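The data block below is model.pdb; it holds PDB, C-alpha atoms.
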```pdb
ATOM      1  CA  MET A   1       0.000   0.000   0.000
ATOM      2  CA  SER A   2       2.707   2.453  -0.966
ATOM      3  CA  ALA A   3       1.877   5.674  -2.779
ATOM      4  CA  ILE A   4       3.471   6.265  -6.185
ATOM      5  CA  ARG A   5       2.720   9.228  -8.432
ATOM      6  CA  LYS A   6       4.247   9.845 -11.842
ATOM      7  CA  VAL A   7       4.346  13.200 -13.628
ATOM      8  CA  LYS A   8       5.033  13.114 -17.365
ATOM      9  CA  ILE A   9       7.256  15.984 -18.488
ATOM     10  CA  PRO A  10       5.632  17.765 -21.469
ATOM     11  CA  GLU A  11       7.337  18.415 -24.821
ATOM     12  CA  GLY A  12       9.776  21.342 -24.719
ATOM     13  CA  VAL A  13      10.293  21.131 -20.937
ATOM     14  CA  LYS A  14      13.401  19.720 -19.253
ATOM     15  CA  ALA A  15      13.484  18.495 -15.654
ATOM     16  CA  GLN A  16      16.476  17.426 -13.614
ATOM     17  CA  LEU A  17      17.010  16.509  -9.991
ATOM     18  CA  ASP A  18      20.099  17.803  -8.129
ATOM     19  CA  GLY A  19      19.919  16.106  -4.748
ATOM     20  CA  SER A  20      16.534  17.279  -3.478
ATOM     21  CA  GLN A  21      16.311  20.337  -5.775
ATOM     22  CA  LEU A  22      13.997  19.878  -8.774
ATOM     23  CA  ARG A  23      15.006  22.170 -11.658
ATOM     24  CA  VAL A  24      12.431  22.621 -14.448
ATOM     25  CA  THR A  25      13.356  24.605 -17.567
ATOM     26  CA  GLY A  26      11.067  25.643 -20.409
ATOM     27  CA  SER A  27      10.474  28.346 -23.006
ATOM     28  CA  LYS A  28       9.321  30.944 -20.422
ATOM     29  CA  GLY A  29      12.129  30.402 -17.917
ATOM     30  CA  GLN A  30      13.394  28.168 -15.139
ATOM     31  CA  LEU A  31      11.991  27.198 -11.737
ATOM     32  CA  VAL A  32      13.836  25.519  -8.862
ATOM     33  CA  ARG A  33      12.122  23.991  -5.840
ATOM     34  CA  ASN A  34      13.332  21.981  -2.844
ATOM     35  CA  MET A  35      11.307  18.744  -2.929
ATOM     36  CA  ARG A  36      12.821  17.139   0.196
ATOM     37  CA  PHE A  37      10.436  15.452   2.606
ATOM     38  CA  PRO A  38      11.207  12.588   5.040
ATOM     39  CA  GLN A  39      10.342   9.094   3.733
ATOM     40  CA  VAL A  40       9.501  10.408   0.239
ATOM     41  CA  THR A  41      11.788   9.504  -2.667
ATOM     42  CA  ILE A  42      11.871  11.466  -5.905
ATOM     43  CA  THR A  43      13.490  10.249  -9.106
ATOM     44  CA  CYS A  44      13.744  11.916 -12.500
ATOM     45  CA  ASP A  45      14.713  10.190 -15.751
ATOM     46  CA  GLY A  46      14.241  13.214 -18.030
ATOM     47  CA  SER A  47      10.799  12.326 -19.397
ATOM     48  CA  GLU A  48       9.073  11.494 -16.114
ATOM     49  CA  VAL A  49       9.305  12.473 -12.448
ATOM     50  CA  THR A  50       8.354   9.735  -9.984
ATOM     51  CA  ILE A  51       7.361  10.566  -6.408
ATOM     52  CA  ALA A  52       6.987   7.561  -4.105
ATOM     53  CA  THR A  53       6.809   6.479  -0.479
ATOM     54  CA  GLU A  54       6.672   3.157   1.319
ATOM     55  CA  SER A  55       4.931   4.690   4.325
ATOM     56  CA  ARG A  56       1.221   4.234   5.028
ATOM     57  CA  ARG A  57       0.926   7.325   7.219
ATOM     58  CA  LYS A  58      -1.679   9.758   5.968
ATOM     59  CA  GLU A  59       0.593  12.822   6.323
ATOM     60  CA  ILE A  60       3.300  11.282   4.147
ATOM     61  CA  THR A  61       0.990   9.884   1.456
ATOM     62  CA  ALA A  62      -0.718  13.289   1.281
ATOM     63  CA  MET A  63       2.688  14.924   0.759
ATOM     64  CA  VAL A  64       3.267  12.675  -2.265
ATOM     65  CA  GLY A  65       0.183  14.245  -3.887
ATOM     66  CA  THR A  66       1.326  17.741  -2.877
ATOM     67  CA  LEU A  67       4.764  17.245  -4.460
ATOM     68  CA  GLU A  68       3.058  15.869  -7.589
ATOM     69  CA  ALA A  69       0.934  19.044  -7.822
ATOM     70  CA  HIS A  70       4.042  21.247  -7.337
ATOM     71  CA  THR A  71       5.795  19.400 -10.167
ATOM     72  CA  LYS A  72       2.802  19.772 -12.525
ATOM     73  CA  ASN A  73       2.532  23.496 -11.695
ATOM     74  CA  MET A  74       6.254  23.984 -12.372
ATOM     75  CA  CYS A  75       5.955  22.243 -15.770
ATOM     76  CA  ARG A  76       2.903  24.299 -16.723
ATOM     77  CA  GLY A  77       4.490  27.529 -15.488
ATOM     78  CA  VAL A  78       7.686  27.272 -17.553
ATOM     79  CA  SER A  79       5.749  26.340 -20.706
ATOM     80  CA  GLU A  80       2.535  28.442 -20.525
ATOM     81  CA  GLY A  81       2.826  30.706 -17.467
ATOM     82  CA  PHE A  82       0.019  31.789 -15.151
ATOM     83  CA  GLU A  83      -2.317  34.775 -15.469
ATOM     84  CA  TYR A  84      -4.596  36.028 -12.706
ATOM     85  CA  ARG A  85      -7.199  38.731 -13.403
ATOM     86  CA  MET A  86      -8.572  40.955 -10.647
ATOM     87  CA  LYS A  87     -11.508  43.375 -10.824
ATOM     88  CA  VAL A  88     -11.604  46.764  -9.104
ATOM     89  CA  VAL A  89     -15.019  47.325  -7.469
ATOM     90  CA  TYR A  90     -16.191  50.608  -5.949
ATOM     91  CA  SER A  91     -19.523  52.369  -5.443
ATOM     92  CA  HIS A  92     -18.871  55.980  -4.352
ATOM     93  CA  PHE A  93     -15.149  56.766  -4.350
ATOM     94  CA  PRO A  94     -13.226  55.848  -7.519
ATOM     95  CA  ILE A  95     -10.154  53.804  -6.599
ATOM     96  CA  GLN A  96      -6.919  54.995  -8.221
ATOM     97  CA  LEU A  97      -4.151  52.469  -8.864
ATOM     98  CA  LYS A  98      -0.473  53.201  -9.562
ATOM     99  CA  LEU A  99       2.347  50.704 -10.060
ATOM    100  CA  GLN A 100       5.550  51.748  -8.316
ATOM    101  CA  GLY A 101       8.214  49.136  -8.995
ATOM    102  CA  ASN A 102       7.322  46.073  -6.937
ATOM    103  CA  ARG A 103       4.280  47.532  -5.180
ATOM    104  CA  LEU A 104       0.801  48.676  -6.110
ATOM    105  CA  GLU A 105      -0.460  51.943  -4.622
ATOM    106  CA  ILE A 106      -4.208  51.949  -3.946
ATOM    107  CA  ALA A 107      -5.361  55.556  -3.483
ATOM    108  CA  ASN A 108      -8.800  56.992  -2.585
ATOM    109  CA  PHE A 109     -10.036  53.619  -1.259
ATOM    110  CA  LEU A 110     -13.356  54.395   0.500
ATOM    111  CA  GLY A 111     -12.330  58.051   0.330
ATOM    112  CA  GLU A 112      -9.360  57.539   2.652
ATOM    113  CA  LYS A 113      -6.687  60.230   2.513
ATOM    114  CA  LYS A 114      -3.834  57.804   3.113
ATOM    115  CA  ALA A 115      -2.955  55.353   0.319
ATOM    116  CA  ARG A 116      -2.775  51.609   0.855
ATOM    117  CA  TYR A 117       0.003  49.466  -0.626
ATOM    118  CA  ALA A 118       0.208  45.875  -1.852
ATOM    119  CA  ARG A 119       3.507  44.090  -2.552
ATOM    120  CA  ILE A 120       3.970  42.470  -5.964
ATOM    121  CA  GLU A 121       6.334  39.502  -5.585
ATOM    122  CA  ALA A 122       9.595  39.361  -7.560
ATOM    123  CA  GLY A 123       9.114  37.476 -10.825
ATOM    124  CA  VAL A 124       5.507  38.649 -11.228
ATOM    125  CA  THR A 125       4.536  41.339 -13.735
ATOM    126  CA  ALA A 126       1.452  43.462 -13.064
ATOM    127  CA  LYS A 127      -0.557  45.528 -15.525
ATOM    128  CA  VAL A 128      -3.203  48.032 -14.490
ATOM    129  CA  ALA A 129      -5.967  48.778 -17.004
ATOM    130  CA  ASN A 130      -9.194  50.755 -16.327
ATOM    131  CA  ASP A 131     -10.871  48.635 -13.633
ATOM    132  CA  GLU A 132      -8.706  45.539 -13.920
ATOM    133  CA  VAL A 133      -5.350  44.305 -12.598
ATOM    134  CA  VAL A 134      -3.614  41.508 -14.529
ATOM    135  CA  LEU A 135      -0.821  39.512 -12.864
ATOM    136  CA  ASN A 136       1.498  37.281 -14.943
ATOM    137  CA  GLY A 137       4.345  34.964 -13.956
ATOM    138  CA  ILE A 138       5.774  31.466 -14.227
ATOM    139  CA  ASP A 139       5.601  30.580 -10.511
ATOM    140  CA  ARG A 140       1.995  29.904  -9.486
ATOM    141  CA  GLU A 141       2.774  30.445  -5.816
ATOM    142  CA  LEU A 142       4.256  33.920  -6.354
ATOM    143  CA  VAL A 143       1.413  35.032  -8.661
ATOM    144  CA  GLY A 144      -1.163  33.790  -6.125
ATOM    145  CA  ASN A 145       0.634  35.505  -3.244
ATOM    146  CA  SER A 146       0.686  38.799  -5.150
ATOM    147  CA  ALA A 147      -3.066  38.496  -5.784
ATOM    148  CA  ALA A 148      -3.640  37.720  -2.103
ATOM    149  CA  ASN A 149      -1.556  40.771  -1.102
ATOM    150  CA  ILE A 150      -3.752  42.999  -3.280
ATOM    151  CA  GLU A 151      -7.010  41.530  -1.909
ATOM    152  CA  HIS A 152      -5.696  41.843   1.640
ATOM    153  CA  ALA A 153      -4.697  45.500   1.151
ATOM    154  CA  THR A 154      -8.310  46.382   0.315
ATOM    155  CA  HIS A 155      -9.802  44.472   3.247
ATOM    156  CA  ILE A 156     -12.527  46.557   4.948
ATOM    157  CA  ARG A 157     -12.475  46.819   8.738
ATOM    158  CA  ASN A 158     -15.084  48.238  11.119
ATOM    159  CA  ARG A 159     -17.775  48.548   8.452
ATOM    160  CA  ASP A 160     -20.614  46.296   7.299
ATOM    161  CA  PRO A 161     -19.247  44.166   4.393
ATOM    162  CA  ARG A 162     -22.771  43.810   2.968
ATOM    163  CA  VAL A 163     -22.932  47.562   2.421
ATOM    164  CA  PHE A 164     -19.286  48.394   1.688
ATOM    165  CA  GLN A 165     -18.354  45.900  -1.024
ATOM    166  CA  ASP A 166     -15.512  48.004  -2.426
ATOM    167  CA  GLY A 167     -12.202  46.304  -3.098
ATOM    168  CA  ILE A 168     -10.064  44.482  -5.641
ATOM    169  CA  TYR A 169     -11.249  40.900  -6.137
ATOM    170  CA  MET A 170     -10.027  37.850  -8.046
ATOM    171  CA  VAL A 171     -12.226  37.072 -11.061
ATOM    172  CA  GLN A 172     -10.113  34.658 -13.147
ATOM    173  CA  ARG A 173      -7.190  32.313 -12.573
ATOM    174  CA  GLY A 174      -5.354  30.524 -15.289
TER     175      GLY A 174
END
```

Would you kindly transcribe this structure into structure tokens?
Amino acid sequence: MSAIRKVKIPEGVKAQLDGSQLRVTGSKGQLVRNMRFPQVTITCDGSEVTIATESRRKEITAMVGTLEAHTKNMCRGVSEGFEYRMKVVYSHFPIQLKLQGNRLEIANFLGEKKARYARIEAGVTAKVANDEVVLNGIDRELVGNSAANIEHATHIRNRDPRVFQDGIYMVQRG
């Protein structure tokens, strides 16, 4: 009852294992991730990555699936990339967005005088159009964290969320 998962490496993507570091290279770039976990063995023969364990413990067999998902996301990221779209929603005060290097300035949120800021992770490119923010990158985790930073920066405190629905919200992942 051992868990074994195999991830086929797509055409145009190269994967190699250096100790516990999985290095995936494709047309969009290169990603490196530490895949070490106790009692989990990872092998790579160039066309397939195999993640296996002999353990029957739930925590370890679950980690096999997690490492499989990380590997698939790395392969997809270096070949296609990830794009997250976010919508700017406001009712009374128009929100103004400005990109300043690796952070997004959110001004006039709920009419506040002081601007709010959201960090854009390194390796993620952000574009601001009318009422939309588009995040692109090859690392799914970094793109998702940048989107979470933006949503978190527009979190409303001490007001009724049913009335004040202003903010910047995720509308499409891909």

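Using all atoms listed in the file, every residue with an atom at most 9 Å from the point (-9.7, 55.4, -8.6) is listed here: Val88, Tyr90, Phe93, Pro94, Ile95, Gln96, Leu97, Ile106, Ala107, Asn108, Phe109 and Asp131 of chain A.
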
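When only C-alpha atoms are used to compute distances to Ser2 of chain A, the closest of the residues A:Ser91, A:Thr71, A:Gln172, A:Ser55 turns out to be A:Ser55.
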
How would you write, as an NGL selection string, the residues chosen by the PyMOL selection byres ((chain A and resi 27) around 12) on this structure?
-> :A and (10-14 or 24-26 or 28-31 or 75-81 or 138)

Nearest to Glu105 of chain A, restricted to only C-alpha atoms and choosing among A:Ala62, A:Ala52, A:Ile150, A:Val40, comes out as A:Ile150

Where does the PyMOL selection byres ((chain A and resi 155-162) around 12) land in this file, that is, which residues does it pick, as JSON, numbers by chain?
-> {"A": [106, 109, 110, 112, 116, 117, 118, 148, 149, 150, 151, 152, 153, 154, 163, 164, 165, 166, 167, 168, 169]}

Write out as a PyMOL selection string the residues lying within 10 Å of Thr43 of chain A, counting only C-alpha atoms and excluding same-chain residues fewer than 3 positions away.
-> chain A and resi 6+16-17+19-20+22+46+48-52

List, as a PDB file with C-alpha atoms, in the coordinates of the input, every residue that the PyMOL selection byres ((chain A and resi 56) around 8) selects in the file provided.
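Produced file part.pdb, reproduced below:
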```pdb
ATOM      1  CA  MET A   1       0.000   0.000   0.000  1.00  0.00           C
ATOM      2  CA  SER A   2       2.707   2.453  -0.966  1.00  0.00           C
ATOM      3  CA  ALA A   3       1.877   5.674  -2.779  1.00  0.00           C
ATOM      4  CA  GLU A  54       6.672   3.157   1.319  1.00  0.00           C
ATOM      5  CA  SER A  55       4.931   4.690   4.325  1.00  0.00           C
ATOM      6  CA  ARG A  57       0.926   7.325   7.219  1.00  0.00           C
ATOM      7  CA  LYS A  58      -1.679   9.758   5.968  1.00  0.00           C
ATOM      8  CA  ILE A  60       3.300  11.282   4.147  1.00  0.00           C
ATOM      9  CA  THR A  61       0.990   9.884   1.456  1.00  0.00           C
TER      10      THR A  61
END
```

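Between Leu99 of chain A and the candidates A:Met74, A:Ala147, A:Ala122, A:Val133, the tightest atom-to-atom separation, counting only C-alpha atoms, involves A:Val133.
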
d(atom CA of Ile9 of chain A, atom CA of His70 of chain A) in Å =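 Separating atom CA of Ile9 of chain A from atom CA of His70 of chain A is a distance of 12.7 Å.
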
With all atoms listed in the file as the atoms that count, which of A:Ala129, A:Val124, A:Val171, A:Val32 lies nearest to Val143 of chain A?
->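 Checking each of A:Ala129, A:Val124, A:Val171, A:Val32 against Val143 of chain A, counting all atoms listed in the file, the winner is A:Val124.
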
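Relative to atom CA of Lys127 of chain A, atom CA of Ala115 of chain A is found at 18.8 Å.
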
What is the distance between atom CA of Asn130 of chain A and atom CA of Glu83 of chain A, in Å to one decimal?
-> 17.4 Å
